[in-house]
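Input: a single structure, listed below in structure tokens.
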Amino acid sequence: MGKKIRVLIIDDSASVRQVLTHVLEQDPDIEVMGAASDPFVAARRIQEEVPDVITLDVEMPRMDGITFLRKIMAQRPIPVVMCSSLTEEGSETLLQALEAGAVDVVLKPKIGAADHLAESGMRLREAVKGAAAARLGRAPRPPIAMGTTAKLTADAVLPPPTGRAMAKTTEMVVGVGASTGGTEALRVMLEALPANSPGIVVVQHMPEKFTAAFAKRLNSLCEVEVKEAQNGDPVLRGHVLIAPGDRHMMLERQGARYHVTVRDGPLVSRHRPSVDVLFRSAARAAGGNAMGVIMTGMGDDGALGMNEMHQAGAYTVAQDEATSVVFGMPKEAISHGGVDRVVPLEQIAREILAADRRRH
């Protein structure tokens, strides 16, 4: 077995520190090297031993998590996963954390809620593994196997596509999947698109209630209109729909028009929303009228779905290793044989526009 990922937990609640330690140490690849009640205690601990990953609470006495995060990133960058309570008010703060250099944001596991503890615990362990593999201006650690937990495929939500590619029509729809590092990568991609771009549907792995603030933030920066998807929303040119956290999003077609269905369901590829679910629905509903884009992220969500899109006649693109924070999801999609082109992040918007021009 390789070297364990050593994690430092920073949270002002003793019970939360205990739960986080218990949840993380269920994974044999993770070791909690210590827990600190505030950033000042943590700073002294880091002077003794530098952790591979830090889990950081947002609201703490003496110094808030964002201020501490900025200090870490300025002085000695260490991959940081922000652990937050589920509040809409806190979503804006968490966006600031991602902009300040946090690798990922997860919800704190709830004590006493067994189902929530199992799902949020798995999400926390995956976030820590993704952070350990993240590229922070230095050589990344090799990706770590995601363990042997049973993992559902898109079969749990949608039956497999028939494999018959749909004849091309005039409108193209773009399906995008991203995870660790994806919030910043999506901003770069969407900011480069003009207001008349093809309709885009996005799955970015992130917690419930956080996606609305994320979409609002992107909307303020981009020429395209960006919003959190609601059930039945049409997919329109110049518009981007982002799957709400904790809900699957599927593309559907009525006549020549596309819309999205947003619904509950089991975790697929250990995620809800799942990229595999979105991509499979795009293969079924749009076939050769679709384009698939898979971006930075830990794990393999989207690899099977992108292959299904590719087989249905869609044009498929993956972000390259050099510009990915974690090259897990693009690498898996490439290895499954479903990727037509591998490009740097800055080129993805150009690929979308070029594919759109080829249709007209």
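Residue numbering restarts at 1 for every chain of the structure tokens, chains are lettered A, B, ... in their displayed order, and ligands are numbered from 1 as they appear.
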
Please provide as a PyMOL selection string all residues within 7 Å of Thr55 in chain A, with the sequence filter that same-chain residues fewer than 6 positions apart are discarded (counting only C-alpha atoms).
-> chain A and resi 8-10+80-83

Residues near Pro79 in chain A, cut-off 8 Å, only C-alpha atoms, skip fewer than 4 positions along chain, as a PyMOL selection string = chain A and resi 52-54+102-103+131-132+134+136

Skipping near chain neighbours, those fewer than 5 positions away, what residues fall within 12 Å of Asn289 in chain A using only C-alpha atoms, listed as a ChimeraX atom specification?
-> /A:165-175,198-199,253,256-258,282-284,309-310,312-316,355-356,358-359

Using CA of Gly337 in chain A and CA of Met250 in chain A as the two end points, give the distance in Å to one decimal.
->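 CA of Met250 in chain A lies 22.7 Å from CA of Gly337 in chain A.
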
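Of the residues listed (A:Leu304, A:Ser197, A:Leu251, A:Thr323), A:Leu251 shows the shortest atom-to-atom separation from Gly287 in chain A; distances use only C-alpha atoms.
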
Got a sec: who's within 10 Å of range 122-129 of chain A, counting only C-alpha atoms, leaving out chain neighbours fewer than 3 positions off, as an MDAnalysis selection string?
-> chainID A and resid 5:7 20 23:27 29:30 52:55 79:83 103:109 116:119 132:134 141 143:147 149 179:180 205:207 270:271 297:299

Which residues come within 12 Å of range 215-222 of chain A, counting only C-alpha atoms, excluding same-chain residues fewer than 4 positions away, as a ChimeraX atom specification?
-> /A:91-96,99,183-197,201-204,206,209-211,226-229,238-245

How about saving the chosen residues, N, CA and C atoms kept, as a tab-separated table (two decimals), in the first residue's frame?
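What follows is the written file selection.tsv:
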chain	number	residue	atom	x	y	z
A	91	SER	N	-23.45	30.22	0.99
A	91	SER	CA	-23.02	29.88	-0.37
A	91	SER	C	-22.08	30.92	-0.96
A	92	GLU	N	-22.37	32.20	-0.70
A	92	GLU	CA	-21.52	33.27	-1.23
A	92	GLU	C	-20.12	33.17	-0.63
A	93	THR	N	-20.05	32.86	0.67
A	93	THR	CA	-18.76	32.70	1.34
A	93	THR	C	-17.97	31.55	0.74
A	94	LEU	N	-18.67	30.47	0.42
A	94	LEU	CA	-17.99	29.31	-0.15
A	94	LEU	C	-17.47	29.61	-1.56
A	95	LEU	N	-18.19	30.42	-2.31
A	95	LEU	CA	-17.66	30.86	-3.61
A	95	LEU	C	-16.36	31.63	-3.43
A	96	GLN	N	-16.34	32.49	-2.39
A	96	GLN	CA	-15.10	33.22	-2.09
A	96	GLN	C	-13.97	32.25	-1.76
A	99	GLU	N	-12.62	30.81	-4.93
A	99	GLU	CA	-11.83	31.82	-5.62
A	99	GLU	C	-10.51	32.09	-4.91
A	183	THR	N	-15.21	24.52	-10.79
A	183	THR	CA	-15.88	25.83	-10.67
A	183	THR	C	-15.08	26.92	-11.38
A	184	GLU	N	-13.77	26.89	-11.20
A	184	GLU	CA	-12.93	27.89	-11.86
A	184	GLU	C	-12.81	27.58	-13.35
A	185	ALA	N	-12.69	26.30	-13.71
A	185	ALA	CA	-12.58	25.93	-15.12
A	185	ALA	C	-13.84	26.33	-15.90
A	186	LEU	N	-15.01	26.13	-15.30
A	186	LEU	CA	-16.26	26.54	-15.96
A	186	LEU	C	-16.32	28.05	-16.16
A	187	ARG	N	-15.84	28.78	-15.16
A	187	ARG	CA	-15.82	30.25	-15.31
A	187	ARG	C	-14.97	30.64	-16.52
A	188	VAL	N	-13.77	30.06	-16.63
A	188	VAL	CA	-12.88	30.38	-17.75
A	188	VAL	C	-13.56	30.05	-19.08
A	189	MET	N	-14.18	28.88	-19.17
A	189	MET	CA	-14.82	28.45	-20.41
A	189	MET	C	-16.01	29.33	-20.76
A	190	LEU	N	-16.89	29.57	-19.79
A	190	LEU	CA	-18.13	30.31	-20.08
A	190	LEU	C	-17.88	31.78	-20.34
A	191	GLU	N	-16.87	32.34	-19.68
A	191	GLU	CA	-16.54	33.76	-19.93
A	191	GLU	C	-16.07	33.98	-21.37
A	192	ALA	N	-15.55	32.92	-21.99
A	192	ALA	CA	-15.03	33.05	-23.37
A	192	ALA	C	-16.11	32.88	-24.43
A	193	LEU	N	-17.34	32.59	-24.03
A	193	LEU	CA	-18.41	32.34	-25.00
A	193	LEU	C	-19.24	33.59	-25.26
A	194	PRO	N	-19.60	33.85	-26.53
A	194	PRO	CA	-20.46	34.99	-26.85
A	194	PRO	C	-21.92	34.71	-26.51
A	195	ALA	N	-22.74	35.76	-26.55
A	195	ALA	CA	-24.14	35.66	-26.12
A	195	ALA	C	-24.99	34.75	-27.00
A	196	ASN	N	-24.54	34.46	-28.22
A	196	ASN	CA	-25.34	33.62	-29.13
A	196	ASN	C	-24.82	32.18	-29.20
A	197	SER	N	-24.15	31.73	-28.16
A	197	SER	CA	-23.59	30.38	-28.14
A	197	SER	C	-24.70	29.33	-28.10
A	201	VAL	N	-25.85	22.57	-21.05
A	201	VAL	CA	-26.33	21.98	-19.79
A	201	VAL	C	-25.12	21.44	-19.04
A	202	VAL	N	-25.02	21.75	-17.75
A	202	VAL	CA	-23.80	21.49	-16.97
A	202	VAL	C	-24.11	20.69	-15.72
A	203	VAL	N	-23.31	19.66	-15.48
A	203	VAL	CA	-23.27	19.02	-14.16
A	203	VAL	C	-21.90	19.33	-13.56
A	204	GLN	N	-21.91	20.05	-12.45
A	204	GLN	CA	-20.71	20.30	-11.64
A	204	GLN	C	-20.99	19.72	-10.27
A	206	MET	N	-21.30	19.58	-6.74
A	206	MET	CA	-21.23	20.51	-5.62
A	206	MET	C	-22.47	20.33	-4.75
A	209	LYS	N	-27.96	23.70	-2.61
A	209	LYS	CA	-28.08	25.13	-2.30
A	209	LYS	C	-26.88	25.96	-2.77
A	210	PHE	N	-25.76	25.30	-3.03
A	210	PHE	CA	-24.57	26.02	-3.47
A	210	PHE	C	-24.64	26.37	-4.95
A	211	THR	N	-25.32	25.52	-5.73
A	211	THR	CA	-25.34	25.71	-7.19
A	211	THR	C	-26.07	26.99	-7.60
A	226	VAL	N	-26.75	32.47	-17.35
A	226	VAL	CA	-26.49	31.25	-16.56
A	226	VAL	C	-27.48	31.19	-15.40
A	227	LYS	N	-28.11	30.04	-15.21
A	227	LYS	CA	-29.02	29.87	-14.08
A	227	LYS	C	-28.99	28.44	-13.58
A	228	GLU	N	-29.39	28.25	-12.32
A	228	GLU	CA	-29.59	26.90	-11.80
A	228	GLU	C	-30.83	26.32	-12.47
A	229	ALA	N	-30.72	25.10	-12.96
A	229	ALA	CA	-31.82	24.49	-13.70
A	229	ALA	C	-33.00	24.18	-12.79
A	238	GLY	N	-27.65	30.65	-26.17
A	238	GLY	CA	-27.22	31.76	-25.31
A	238	GLY	C	-27.51	31.54	-23.84
A	239	HIS	N	-28.00	30.34	-23.48
A	239	HIS	CA	-28.34	30.05	-22.09
A	239	HIS	C	-27.58	28.83	-21.59
A	240	VAL	N	-27.23	28.86	-20.30
A	240	VAL	CA	-26.53	27.76	-19.64
A	240	VAL	C	-27.35	27.34	-18.42
A	241	LEU	N	-27.66	26.05	-18.32
A	241	LEU	CA	-28.39	25.51	-17.17
A	241	LEU	C	-27.44	24.64	-16.34
A	242	ILE	N	-27.36	24.94	-15.05
A	242	ILE	CA	-26.49	24.18	-14.15
A	242	ILE	C	-27.34	23.30	-13.25
A	243	ALA	N	-27.04	22.01	-13.23
A	243	ALA	CA	-27.82	21.07	-12.42
A	243	ALA	C	-27.78	21.47	-10.96
A	244	PRO	N	-28.94	21.48	-10.30
A	244	PRO	CA	-28.94	21.81	-8.87
A	244	PRO	C	-28.24	20.74	-8.05
A	245	GLY	N	-27.51	21.15	-7.02
A	245	GLY	CA	-26.85	20.19	-6.14
A	245	GLY	C	-27.86	19.21	-5.56

For Ser15 in chain A, which residue out of A:Ala35, A:Ala333, A:Val343, A:Leu236 is the nearest one, using only C-alpha atoms?
-> A:Ala35

Could you check which of A:Val50, A:Met295, A:Met33, A:Leu56 is closest to Asp11 in chain A, using only C-alpha atoms?
->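 Comparing A:Val50, A:Met295, A:Met33, A:Leu56 against Asp11 in chain A, the winner is A:Leu56.
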
Apply DSSP to the structure's backbone, then extract all residues of range 218-310 of chain A labelled strand (DSSP E) and return them as a VMD selection string.
-> chain A and resid 225 to 228 239 to 242 248 to 254 257 to 263 290 to 294

Output file for the residues above (C-alpha atoms, as a PDB file, in the first residue's frame):
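File written: result_11.pdb
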ATOM      1  CA  GLU A 225     -27.276  33.702 -19.373  1.00  0.00           C
ATOM      2  CA  VAL A 226     -26.487  31.253 -16.560  1.00  0.00           C
ATOM      3  CA  LYS A 227     -29.016  29.873 -14.079  1.00  0.00           C
ATOM      4  CA  GLU A 228     -29.587  26.903 -11.799  1.00  0.00           C
ATOM      5  CA  HIS A 239     -28.343  30.049 -22.087  1.00  0.00           C
ATOM      6  CA  VAL A 240     -26.532  27.757 -19.638  1.00  0.00           C
ATOM      7  CA  LEU A 241     -28.387  25.507 -17.171  1.00  0.00           C
ATOM      8  CA  ILE A 242     -26.489  24.181 -14.148  1.00  0.00           C
ATOM      9  CA  HIS A 248     -29.931  14.587 -11.266  1.00  0.00           C
ATOM     10  CA  MET A 249     -30.488  16.544 -14.492  1.00  0.00           C
ATOM     11  CA  MET A 250     -31.479  14.947 -17.799  1.00  0.00           C
ATOM     12  CA  LEU A 251     -31.862  16.330 -21.302  1.00  0.00           C
ATOM     13  CA  GLU A 252     -35.161  15.571 -23.042  1.00  0.00           C
ATOM     14  CA  ARG A 253     -36.546  16.448 -26.438  1.00  0.00           C
ATOM     15  CA  GLN A 254     -40.047  17.326 -27.581  1.00  0.00           C
ATOM     16  CA  ARG A 257     -37.001  21.580 -28.744  1.00  0.00           C
ATOM     17  CA  TYR A 258     -34.919  20.484 -25.779  1.00  0.00           C
ATOM     18  CA  HIS A 259     -35.701  20.881 -22.104  1.00  0.00           C
ATOM     19  CA  VAL A 260     -34.296  19.460 -18.872  1.00  0.00           C
ATOM     20  CA  THR A 261     -35.852  17.212 -16.280  1.00  0.00           C
ATOM     21  CA  VAL A 262     -34.563  17.635 -12.724  1.00  0.00           C
ATOM     22  CA  ARG A 263     -35.269  14.823 -10.300  1.00  0.00           C
ATOM     23  CA  ALA A 290     -25.041  16.983 -29.093  1.00  0.00           C
ATOM     24  CA  MET A 291     -21.515  17.859 -28.065  1.00  0.00           C
ATOM     25  CA  GLY A 292     -19.967  16.465 -24.885  1.00  0.00           C
ATOM     26  CA  VAL A 293     -17.293  18.221 -22.815  1.00  0.00           C
ATOM     27  CA  ILE A 294     -15.596  16.589 -19.827  1.00  0.00           C
TER      28      ILE A 294
END

So how far away is CA of Pro273 in chain A from CA of Lys110 in chain A, in Å?
-> 19.9 Å
